[in-house]
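Undergrad: You'll find run_8.tsv just under this line, and it carries TSV, C-alpha atoms and all ligand atoms.
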chain	number	residue	atom	x	y	z
A	1	MET	CA	94.69	87.57	58.62
A	2	ARG	CA	98.46	87.38	58.46
A	3	ILE	CA	99.63	84.88	61.04
A	4	GLY	CA	103.27	84.50	62.07
A	5	ILE	CA	104.41	81.21	63.55
A	6	MET	CA	107.61	80.75	65.53
A	7	GLY	CA	108.36	77.26	66.69
A	8	GLY	CA	111.21	76.30	68.94
A	9	THR	CA	112.22	74.38	71.99
A	10	PHE	CA	112.37	77.60	74.03
A	11	ASN	CA	114.61	75.93	76.60
A	12	PRO	CA	114.67	78.82	77.57
A	13	PRO	CA	113.43	81.67	75.33
A	14	HIS	CA	116.13	84.37	75.12
A	15	ASN	CA	116.64	87.90	73.79
A	16	GLY	CA	117.58	86.55	70.33
A	17	HIS	CA	114.13	84.94	70.02
A	18	VAL	CA	112.37	88.09	71.26
A	19	HIS	CA	114.32	90.32	68.92
A	20	ALA	CA	113.78	88.09	65.88
A	21	ALA	CA	110.05	87.73	66.60
A	22	ARG	CA	109.61	91.50	66.96
A	23	GLN	CA	111.51	92.21	63.73
A	24	ALA	CA	109.47	89.66	61.79
A	25	ALA	CA	106.17	90.92	63.22
A	26	GLN	CA	107.02	94.46	62.25
A	27	ALA	CA	108.44	93.72	58.79
A	28	LEU	CA	105.65	91.37	57.74
A	29	GLU	CA	102.79	93.10	59.58
A	30	PHE	CA	101.36	90.09	61.36
A	31	ASP	CA	97.87	90.32	62.84
A	32	ARG	CA	98.78	87.46	65.17
A	33	LEU	CA	102.02	85.78	66.14
A	34	LEU	CA	101.95	82.26	67.57
A	35	LEU	CA	104.90	81.08	69.65
A	36	ILE	CA	104.81	77.29	69.71
A	37	PRO	CA	107.09	75.29	72.02
A	38	ASP	CA	107.72	71.81	70.62
A	39	ASN	CA	107.01	68.64	72.56
A	40	LEU	CA	110.00	66.69	71.24
A	41	PRO	CA	112.20	68.43	68.68
A	42	PRO	CA	112.77	66.08	65.69
A	43	HIS	CA	116.30	67.36	65.02
A	44	LYS	CA	117.88	67.31	68.49
A	45	THR	CA	117.51	65.58	71.85
A	46	LEU	CA	116.57	67.54	74.94
A	47	PRO	CA	119.64	67.60	77.21
A	48	LYS	CA	119.50	66.34	80.80
A	49	GLY	CA	118.26	68.99	83.19
A	50	SER	CA	116.01	70.63	80.57
A	51	ALA	CA	112.86	72.45	81.60
A	52	THR	CA	109.68	70.38	81.30
A	53	GLY	CA	107.14	71.09	78.56
A	54	GLU	CA	104.92	72.85	81.12
A	55	GLN	CA	107.84	75.05	82.21
A	56	ARG	CA	108.85	75.84	78.61
A	57	LEU	CA	105.23	76.79	77.89
A	58	GLU	CA	105.15	79.15	80.89
A	59	MET	CA	108.41	80.78	79.78
A	60	THR	CA	107.02	81.11	76.24
A	61	ARG	CA	103.89	82.79	77.69
A	62	ARG	CA	106.16	85.29	79.42
A	63	MET	CA	107.99	85.87	76.13
A	64	ALA	CA	104.66	86.47	74.35
A	65	LYS	CA	103.80	89.30	76.77
A	66	LEU	CA	106.86	91.20	75.48
A	67	ILE	CA	105.79	91.16	71.81
A	68	PRO	CA	102.69	92.98	70.52
A	69	GLY	CA	100.13	90.56	69.06
A	70	ALA	CA	101.96	87.45	70.27
A	71	GLU	CA	100.48	84.48	72.12
A	72	ALA	CA	101.92	81.14	73.23
A	73	SER	CA	100.28	78.00	71.86
A	74	ASP	CA	100.33	74.59	73.54
A	75	MET	CA	99.24	72.77	70.36
A	76	GLU	CA	102.48	70.80	69.88
A	77	LEU	CA	102.73	69.91	73.58
A	78	ARG	CA	99.11	68.68	73.55
A	79	ARG	CA	99.66	66.68	70.36
A	80	GLY	CA	102.57	64.85	72.01
A	81	GLY	CA	105.29	62.80	70.31
A	82	ARG	CA	107.81	64.36	67.97
A	83	SER	CA	106.75	67.79	66.79
A	84	TYR	CA	106.73	68.01	63.02
A	85	SER	CA	106.18	71.48	61.60
A	86	ALA	CA	104.29	70.12	58.57
A	87	GLU	CA	101.64	68.67	60.90
A	88	THR	CA	101.41	71.91	62.89
A	89	LEU	CA	100.93	73.89	59.67
A	90	ARG	CA	98.21	71.47	58.53
A	91	CYS	CA	96.32	72.06	61.79
A	92	LEU	CA	96.75	75.83	61.59
A	93	THR	CA	95.60	75.89	57.94
A	94	ALA	CA	92.45	73.95	58.86
A	95	ASP	CA	91.74	76.25	61.83
A	96	ASN	CA	92.38	79.51	59.96
A	97	PRO	CA	90.86	79.30	56.48
A	98	GLY	CA	91.73	82.29	54.32
A	99	SER	CA	94.69	83.34	56.47
A	100	THR	CA	98.27	83.63	55.22
A	101	LEU	CA	100.76	81.74	57.37
A	102	TYR	CA	104.36	82.89	57.81
A	103	PHE	CA	106.73	80.34	59.27
A	104	ILE	CA	109.63	82.11	61.00
A	105	MET	CA	113.01	80.44	61.17
A	106	GLY	CA	116.72	81.17	61.51
A	107	THR	CA	119.03	80.81	58.50
A	108	ASP	CA	120.45	77.57	59.96
A	109	MET	CA	116.97	76.04	59.85
A	110	LEU	CA	116.26	77.10	56.23
A	111	LEU	CA	119.51	75.54	55.05
A	112	THR	CA	118.41	72.10	56.34
A	113	LEU	CA	114.71	72.42	55.47
A	114	ASP	CA	114.85	69.83	52.69
A	115	LYS	CA	115.87	67.23	55.34
A	116	TRP	CA	112.80	67.89	57.50
A	117	ARG	CA	109.70	65.72	57.34
A	118	GLU	CA	107.41	66.74	54.44
A	119	PRO	CA	109.26	69.91	53.39
A	120	GLU	CA	106.94	70.17	50.37
A	121	VAL	CA	103.97	70.54	52.73
A	122	ILE	CA	105.76	73.24	54.74
A	123	CYS	CA	106.54	75.14	51.52
A	124	ARG	CA	102.96	74.82	50.25
A	125	LEU	CA	101.21	75.89	53.44
A	126	ALA	CA	103.41	78.75	54.62
A	127	THR	CA	105.62	81.55	53.41
A	128	LEU	CA	109.05	81.09	54.99
A	129	ALA	CA	110.14	84.17	56.97
A	130	VAL	CA	113.87	83.72	57.38
A	131	ILE	CA	115.93	85.75	59.83
A	132	ALA	CA	119.15	87.12	58.29
A	133	ARG	CA	121.81	88.37	60.68
A	134	ASP	CA	124.22	89.69	58.07
A	135	GLU	CA	125.16	89.76	54.41
A	136	ALA	CA	126.53	86.21	54.51
A	137	ASP	CA	123.13	84.96	55.77
A	138	ARG	CA	121.33	86.91	53.03
A	139	THR	CA	123.50	85.28	50.36
A	140	ALA	CA	122.98	81.80	51.81
A	141	ILE	CA	119.21	82.36	52.07
A	142	ALA	CA	118.91	83.67	48.50
A	143	HIS	CA	120.78	80.65	47.18
A	144	LYS	CA	118.67	78.13	49.11
A	145	ALA	CA	115.44	80.04	48.38
A	146	ALA	CA	116.03	79.74	44.62
A	147	TRP	CA	116.54	75.99	44.99
A	148	LEU	CA	113.43	75.57	47.17
A	149	LYS	CA	111.36	77.67	44.77
A	150	ASP	CA	112.40	75.53	41.86
A	151	LYS	CA	111.71	72.27	43.71
A	152	TRP	CA	108.58	73.06	45.77
A	153	GLN	CA	107.49	76.58	44.72
A	154	ALA	CA	108.63	77.86	48.11
A	155	ARG	CA	107.94	81.50	48.97
A	156	VAL	CA	110.71	83.02	51.06
A	157	GLU	CA	110.81	86.44	52.75
A	158	ILE	CA	114.04	87.68	54.31
A	159	VAL	CA	113.77	89.51	57.64
A	160	ASP	CA	116.85	91.55	58.52
A	161	CYS	CA	117.83	91.21	62.12
A	162	PRO	CA	121.40	92.30	62.91
A	163	ALA	CA	123.42	89.81	64.91
A	164	LEU	CA	122.22	88.81	68.33
A	165	THR	CA	124.25	85.66	68.53
A	166	ILE	CA	122.59	84.01	71.48
A	167	SER	CA	121.49	80.40	71.81
A	168	SER	CA	119.55	78.57	74.49
A	169	THR	CA	122.48	76.15	74.81
A	170	GLU	CA	124.76	79.00	75.80
A	171	VAL	CA	122.24	80.53	78.17
A	172	ARG	CA	121.74	77.23	80.04
A	173	ALA	CA	125.48	76.88	80.60
A	174	ASP	CA	126.12	80.00	82.66
A	175	ARG	CA	123.89	81.74	85.21
A	176	GLN	CA	125.35	85.21	84.62
A	177	ARG	CA	125.03	84.91	80.83
A	178	CYS	CA	121.47	83.75	81.37
A	179	ARG	CA	120.69	86.80	83.51
A	180	ASP	CA	122.16	89.03	80.77
A	181	MET	CA	120.54	87.37	77.76
A	182	VAL	CA	117.09	86.33	78.95
A	183	PRO	CA	114.19	88.73	79.63
A	184	ALA	CA	113.88	89.53	83.36
A	185	GLU	CA	110.42	87.93	83.69
A	186	ILE	CA	111.81	84.67	82.30
A	187	PHE	CA	114.96	84.78	84.41
A	188	ALA	CA	112.77	85.26	87.51
A	189	TYR	CA	110.85	82.10	86.59
A	190	ILE	CA	114.10	80.15	86.03
A	191	GLU	CA	115.22	81.15	89.53
A	192	GLN	CA	111.85	80.41	91.10
A	193	GLN	CA	111.71	76.94	89.53
A	194	LYS	CA	115.42	76.28	90.21
A	195	LEU	CA	115.99	75.46	86.52
A	196	TYR	CA	119.31	74.72	84.81
A	197	PHE	CA	121.85	75.74	87.47
B	1	LIG	P1	119.63	75.61	70.90
B	1	LIG	O1	120.80	76.28	71.54
B	1	LIG	O2	119.16	74.45	71.70
B	1	LIG	O3	119.85	75.30	69.46
B	1	LIG	P2	118.13	77.94	70.12
B	1	LIG	O4	118.68	79.12	70.84
B	1	LIG	O5	118.51	77.75	68.71
B	1	LIG	O6	118.42	76.64	71.00
B	1	LIG	P3	115.39	77.19	69.57
B	1	LIG	O7	114.28	77.20	70.55
B	1	LIG	O8	115.87	75.88	69.09
B	1	LIG	O9	116.57	78.03	70.27
B	1	LIG	O10	115.09	78.13	68.31
B	1	LIG	C1	113.82	78.42	67.84
B	1	LIG	C2	113.91	79.28	66.58
B	1	LIG	O11	114.60	80.51	66.87
B	1	LIG	C3	114.72	78.63	65.43
B	1	LIG	O12	114.07	78.92	64.21
B	1	LIG	C4	116.07	79.31	65.52
B	1	LIG	O13	116.71	79.34	64.26
B	1	LIG	C5	115.69	80.71	65.99
B	1	LIG	N1	116.75	81.36	66.77
B	1	LIG	C6	117.48	80.85	67.78
B	1	LIG	N2	118.37	81.72	68.26
B	1	LIG	C7	118.22	82.86	67.54
B	1	LIG	C8	118.87	84.16	67.54
B	1	LIG	N3	119.86	84.46	68.40
B	1	LIG	N4	118.44	85.09	66.64
B	1	LIG	C9	117.45	84.79	65.78
B	1	LIG	N5	116.79	83.59	65.71
B	1	LIG	C10	117.17	82.64	66.57
B	2	MG	MG	119.57	76.41	67.63
How does this structure look as structure tokens?
Ligand code: ATP
Ligand code: MG
TA:
Amino acid sequence: MRIGIMGGTFNPPHNGHVHAARQAAQALEFDRLLLIPDNLPPHKTLPKGSATGEQRLEMTRRMAKLIPGAEASDMELRRGGRSYSAETLRCLTADNPGSTLYFIMGTDMLLTLDKWREPEVICRLATLAVIARDEADRTAIAHKAAWLKDKWQARVEIVDCPALTISSTEVRADRQRCRDMVPAEIFAYIEQQKLYF
């Protein structure tokens, strides 16, 4: 089995996430794609007025319905505390012997990977599937990939995904932008739960 893993805060999931997940699933032929909302992101603090973990999980479930083979996982929410990807990959490796794991991330994330907790474990347990928006991303990825390969035998695959420059931060800031950049099923939930605005 080829299993794709996309972690994130998903506060909320937006069209950039959906697009990147679809492109990766298609390019790397995943049998399954796990979308995993974090409990507490190690690298940023959740801003005031954020959706709860339960709400982010529900929005991630709605995102999963839009991508063939995708499912939302509550494993990081259930584990509690700060969500370290190395620990998540250890659990997934134990639960899926013989499978190949692909850890999907944006270029920004790859460039800081060596600062994460246990990057050597992440590199050992998963192939890194890095989303490139343009030629500049490709160059930056190739440079970092060579360094990570040398240091930790990292395996890196580049997934081309032309620019959809959306972020959750931006989507939370403006109701109209949110309506335009978030799938309708997720926007309906945001309205129903009176989130963000
Ligand atoms: P924030 O604005 O809080 O940084 P975000 O939009 O980056 O939120 P996250 O949930 O933190 O969303 O991101 C989860 C994963 O999705 C990360 O690997 C990130 O690099 C990637 N990602 C985020 N936005 C995009 C996008 N527009 N296109 C492709 N990948 C993206
Ligand atoms: Mg981000």
Undergrad: Of the residues A:Arg117, A:Arg133, A:Lys194, A:Arg32, which is the one nearest to Met105 (chain A), using all atoms listed in the file?
TA: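 The shortest atom-to-atom distance to Met105 (chain A) comes from A:Arg133.
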Undergrad: Can you tell me, as a list in words, what residues are no more than 10 Å from His19 (chain A) when counting all atoms listed in the file, ignoring any on the same chain fewer than 2 positions away?
TA: His14, Asn15, Gly16, His17, Ala21, Arg22, Gln23, Ala24, Ala25, Leu66, Ile67, Cys161, Pro162, Ala163 and Leu164 of chain A
Undergrad: Show me a table, sorted first by chain and then by increasing residue number, of the residues of chain A having an atom at most 12 Å from ligand MG 2 (chain B), each with its shortest atom pair and the distance in Å to one decimal, counting only C-alpha atoms and all ligand atoms and written as CSV.
TA:
residue,atom,partner,partner_atom,distance
A:Gly7,CA,B:MG2,MG,11.3
A:Gly8,CA,B:MG2,MG,8.5
A:Thr9,CA,B:MG2,MG,8.8
A:Phe10,CA,B:MG2,MG,9.7
A:Asn11,CA,B:MG2,MG,10.3
A:Pro12,CA,B:MG2,MG,11.3
A:Pro13,CA,B:MG2,MG,11.2
A:His14,CA,B:MG2,MG,11.5
A:Gly16,CA,B:MG2,MG,10.7
A:His17,CA,B:MG2,MG,10.4
A:Pro41,CA,B:MG2,MG,10.9
A:His43,CA,B:MG2,MG,10.0
A:Lys44,CA,B:MG2,MG,9.3
A:Thr45,CA,B:MG2,MG,11.8
A:Leu46,CA,B:MG2,MG,11.9
A:Met105,CA,B:MG2,MG,10.1
A:Gly106,CA,B:MG2,MG,8.3
A:Thr107,CA,B:MG2,MG,10.1
A:Asp108,CA,B:MG2,MG,7.8
A:Met109,CA,B:MG2,MG,8.2
A:Leu110,CA,B:MG2,MG,11.9
A:Thr165,CA,B:MG2,MG,10.4
A:Ile166,CA,B:MG2,MG,9.0
A:Ser167,CA,B:MG2,MG,6.1
A:Ser168,CA,B:MG2,MG,7.2
A:Thr169,CA,B:MG2,MG,7.8
A:Glu170,CA,B:MG2,MG,10.0
A:Val171,CA,B:MG2,MG,11.6
Undergrad: Find, counting all atoms listed in the file, the residue in A:Leu35, A:Asp137, A:Leu195, A:Ala146 that gets nearest to Thr52 (chain A).
TA: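 Closest candidate: A:Leu195.
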Undergrad: What's around Ile104 (chain A) at 8 Å? Count only C-alpha atoms, leave out sequence neighbours fewer than 3 positions away in its own chain, and write the answer as a ChimeraX atom specification.
TA: /A:4-7,21,24,128-131
Undergrad: Could you name the residues that touch Phe187 (chain A) at 8 Å or less, counting only C-alpha atoms, but leaving out those on the same chain fewer than 5 positions away, as a JSON list (two decimals) with C-alpha atoms, keeping the file's coordinate frame?
TA:
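The new file part.json reads:
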[["chain", "number", "residue", "atom", "x", "y", "z"],
["A", 178, "CYS", "CA", 121.47, 83.75, 81.37],
["A", 179, "ARG", "CA", 120.69, 86.80, 83.51],
["A", 182, "VAL", "CA", 117.09, 86.33, 78.95]]
Undergrad: For ligand LIG 1 (chain B), which residue among A:Leu111, A:Val156, A:Ile186, A:Ala136 is the nearest when counting all atoms listed in the file?
TA: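 Once distances to ligand LIG 1 (chain B) are computed over all atoms listed in the file, the minimum belongs to A:Leu111.
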Undergrad: So how many Å separate atom O9 of ligand LIG 1 (chain B) and CA of Gln192 (chain A), to one decimal?
TA: 21.5 Å
Undergrad: What gap, in Å, lies between CA of Trp116 (chain A) and CA of Trp147 (chain A)?
TA: 15.4 Å
Undergrad: What lies within 12 Å of Asn96 (chain A) using all atoms listed in the file, ignoring chain neighbours under 3 positions off, as a count of residues only?
TA: 13
Undergrad: Is it possible to add N, CA, C and O atoms to region 104-119 of chain A and hand it back as a PDB file, in the coordinates of the input?
TA:
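Saved the output as part_16.pdb:
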ATOM      1  N   ILE A 104     108.376  81.408  60.685  1.00  0.00           N
ATOM      2  CA  ILE A 104     109.630  82.110  61.000  1.00  0.00           C
ATOM      3  C   ILE A 104     110.724  81.105  61.364  1.00  0.00           C
ATOM      4  O   ILE A 104     110.481  80.169  62.132  1.00  0.00           O
ATOM      5  N   MET A 105     111.902  81.315  60.806  1.00  0.00           N
ATOM      6  CA  MET A 105     113.010  80.440  61.170  1.00  0.00           C
ATOM      7  C   MET A 105     114.354  81.144  60.994  1.00  0.00           C
ATOM      8  O   MET A 105     114.457  82.107  60.234  1.00  0.00           O
ATOM      9  N   GLY A 106     115.360  80.662  61.696  1.00  0.00           N
ATOM     10  CA  GLY A 106     116.720  81.170  61.510  1.00  0.00           C
ATOM     11  C   GLY A 106     117.308  80.612  60.227  1.00  0.00           C
ATOM     12  O   GLY A 106     116.815  79.620  59.672  1.00  0.00           O
ATOM     13  N   THR A 107     118.365  81.241  59.742  1.00  0.00           N
ATOM     14  CA  THR A 107     119.030  80.810  58.500  1.00  0.00           C
ATOM     15  C   THR A 107     119.469  79.352  58.588  1.00  0.00           C
ATOM     16  O   THR A 107     119.296  78.578  57.633  1.00  0.00           O
ATOM     17  N   ASP A 108     119.988  78.959  59.766  1.00  0.00           N
ATOM     18  CA  ASP A 108     120.450  77.570  59.960  1.00  0.00           C
ATOM     19  C   ASP A 108     119.333  76.566  59.652  1.00  0.00           C
ATOM     20  O   ASP A 108     119.560  75.512  59.064  1.00  0.00           O
ATOM     21  N   MET A 109     118.120  76.938  60.055  1.00  0.00           N
ATOM     22  CA  MET A 109     116.970  76.040  59.850  1.00  0.00           C
ATOM     23  C   MET A 109     116.600  75.955  58.367  1.00  0.00           C
ATOM     24  O   MET A 109     116.318  74.878  57.852  1.00  0.00           O
ATOM     25  N   LEU A 110     116.607  77.108  57.667  1.00  0.00           N
ATOM     26  CA  LEU A 110     116.260  77.100  56.230  1.00  0.00           C
ATOM     27  C   LEU A 110     117.226  76.194  55.455  1.00  0.00           C
ATOM     28  O   LEU A 110     116.817  75.454  54.550  1.00  0.00           O
ATOM     29  N   LEU A 111     118.501  76.272  55.821  1.00  0.00           N
ATOM     30  CA  LEU A 111     119.510  75.540  55.050  1.00  0.00           C
ATOM     31  C   LEU A 111     119.323  74.025  55.141  1.00  0.00           C
ATOM     32  O   LEU A 111     119.778  73.290  54.270  1.00  0.00           O
ATOM     33  N   THR A 112     118.639  73.557  56.196  1.00  0.00           N
ATOM     34  CA  THR A 112     118.410  72.100  56.340  1.00  0.00           C
ATOM     35  C   THR A 112     116.959  71.711  56.047  1.00  0.00           C
ATOM     36  O   THR A 112     116.592  70.544  56.222  1.00  0.00           O
ATOM     37  N   LEU A 113     116.155  72.679  55.612  1.00  0.00           N
ATOM     38  CA  LEU A 113     114.710  72.420  55.470  1.00  0.00           C
ATOM     39  C   LEU A 113     114.374  71.185  54.619  1.00  0.00           C
ATOM     40  O   LEU A 113     113.423  70.458  54.909  1.00  0.00           O
ATOM     41  N   ASP A 114     115.149  70.969  53.576  1.00  0.00           N
ATOM     42  CA  ASP A 114     114.850  69.830  52.690  1.00  0.00           C
ATOM     43  C   ASP A 114     115.050  68.486  53.391  1.00  0.00           C
ATOM     44  O   ASP A 114     114.596  67.456  52.886  1.00  0.00           O
ATOM     45  N   LYS A 115     115.696  68.475  54.576  1.00  0.00           N
ATOM     46  CA  LYS A 115     115.870  67.230  55.340  1.00  0.00           C
ATOM     47  C   LYS A 115     114.754  67.023  56.362  1.00  0.00           C
ATOM     48  O   LYS A 115     114.689  65.993  57.010  1.00  0.00           O
ATOM     49  N   TRP A 116     113.890  67.998  56.530  1.00  0.00           N
ATOM     50  CA  TRP A 116     112.800  67.890  57.500  1.00  0.00           C
ATOM     51  C   TRP A 116     111.736  66.944  56.957  1.00  0.00           C
ATOM     52  O   TRP A 116     111.716  66.610  55.762  1.00  0.00           O
ATOM     53  N   ARG A 117     110.815  66.545  57.799  1.00  0.00           N
ATOM     54  CA  ARG A 117     109.700  65.720  57.340  1.00  0.00           C
ATOM     55  C   ARG A 117     108.745  66.572  56.497  1.00  0.00           C
ATOM     56  O   ARG A 117     108.357  67.663  56.901  1.00  0.00           O
ATOM     57  N   GLU A 118     108.370  66.075  55.338  1.00  0.00           N
ATOM     58  CA  GLU A 118     107.410  66.740  54.440  1.00  0.00           C
ATOM     59  C   GLU A 118     107.724  68.211  54.164  1.00  0.00           C
ATOM     60  O   GLU A 118     106.870  69.077  54.367  1.00  0.00           O
ATOM     61  N   PRO A 119     108.933  68.503  53.685  1.00  0.00           N
ATOM     62  CA  PRO A 119     109.260  69.910  53.390  1.00  0.00           C
ATOM     63  C   PRO A 119     108.335  70.508  52.331  1.00  0.00           C
ATOM     64  O   PRO A 119     108.069  71.719  52.348  1.00  0.00           O
TER      65      PRO A 119
END
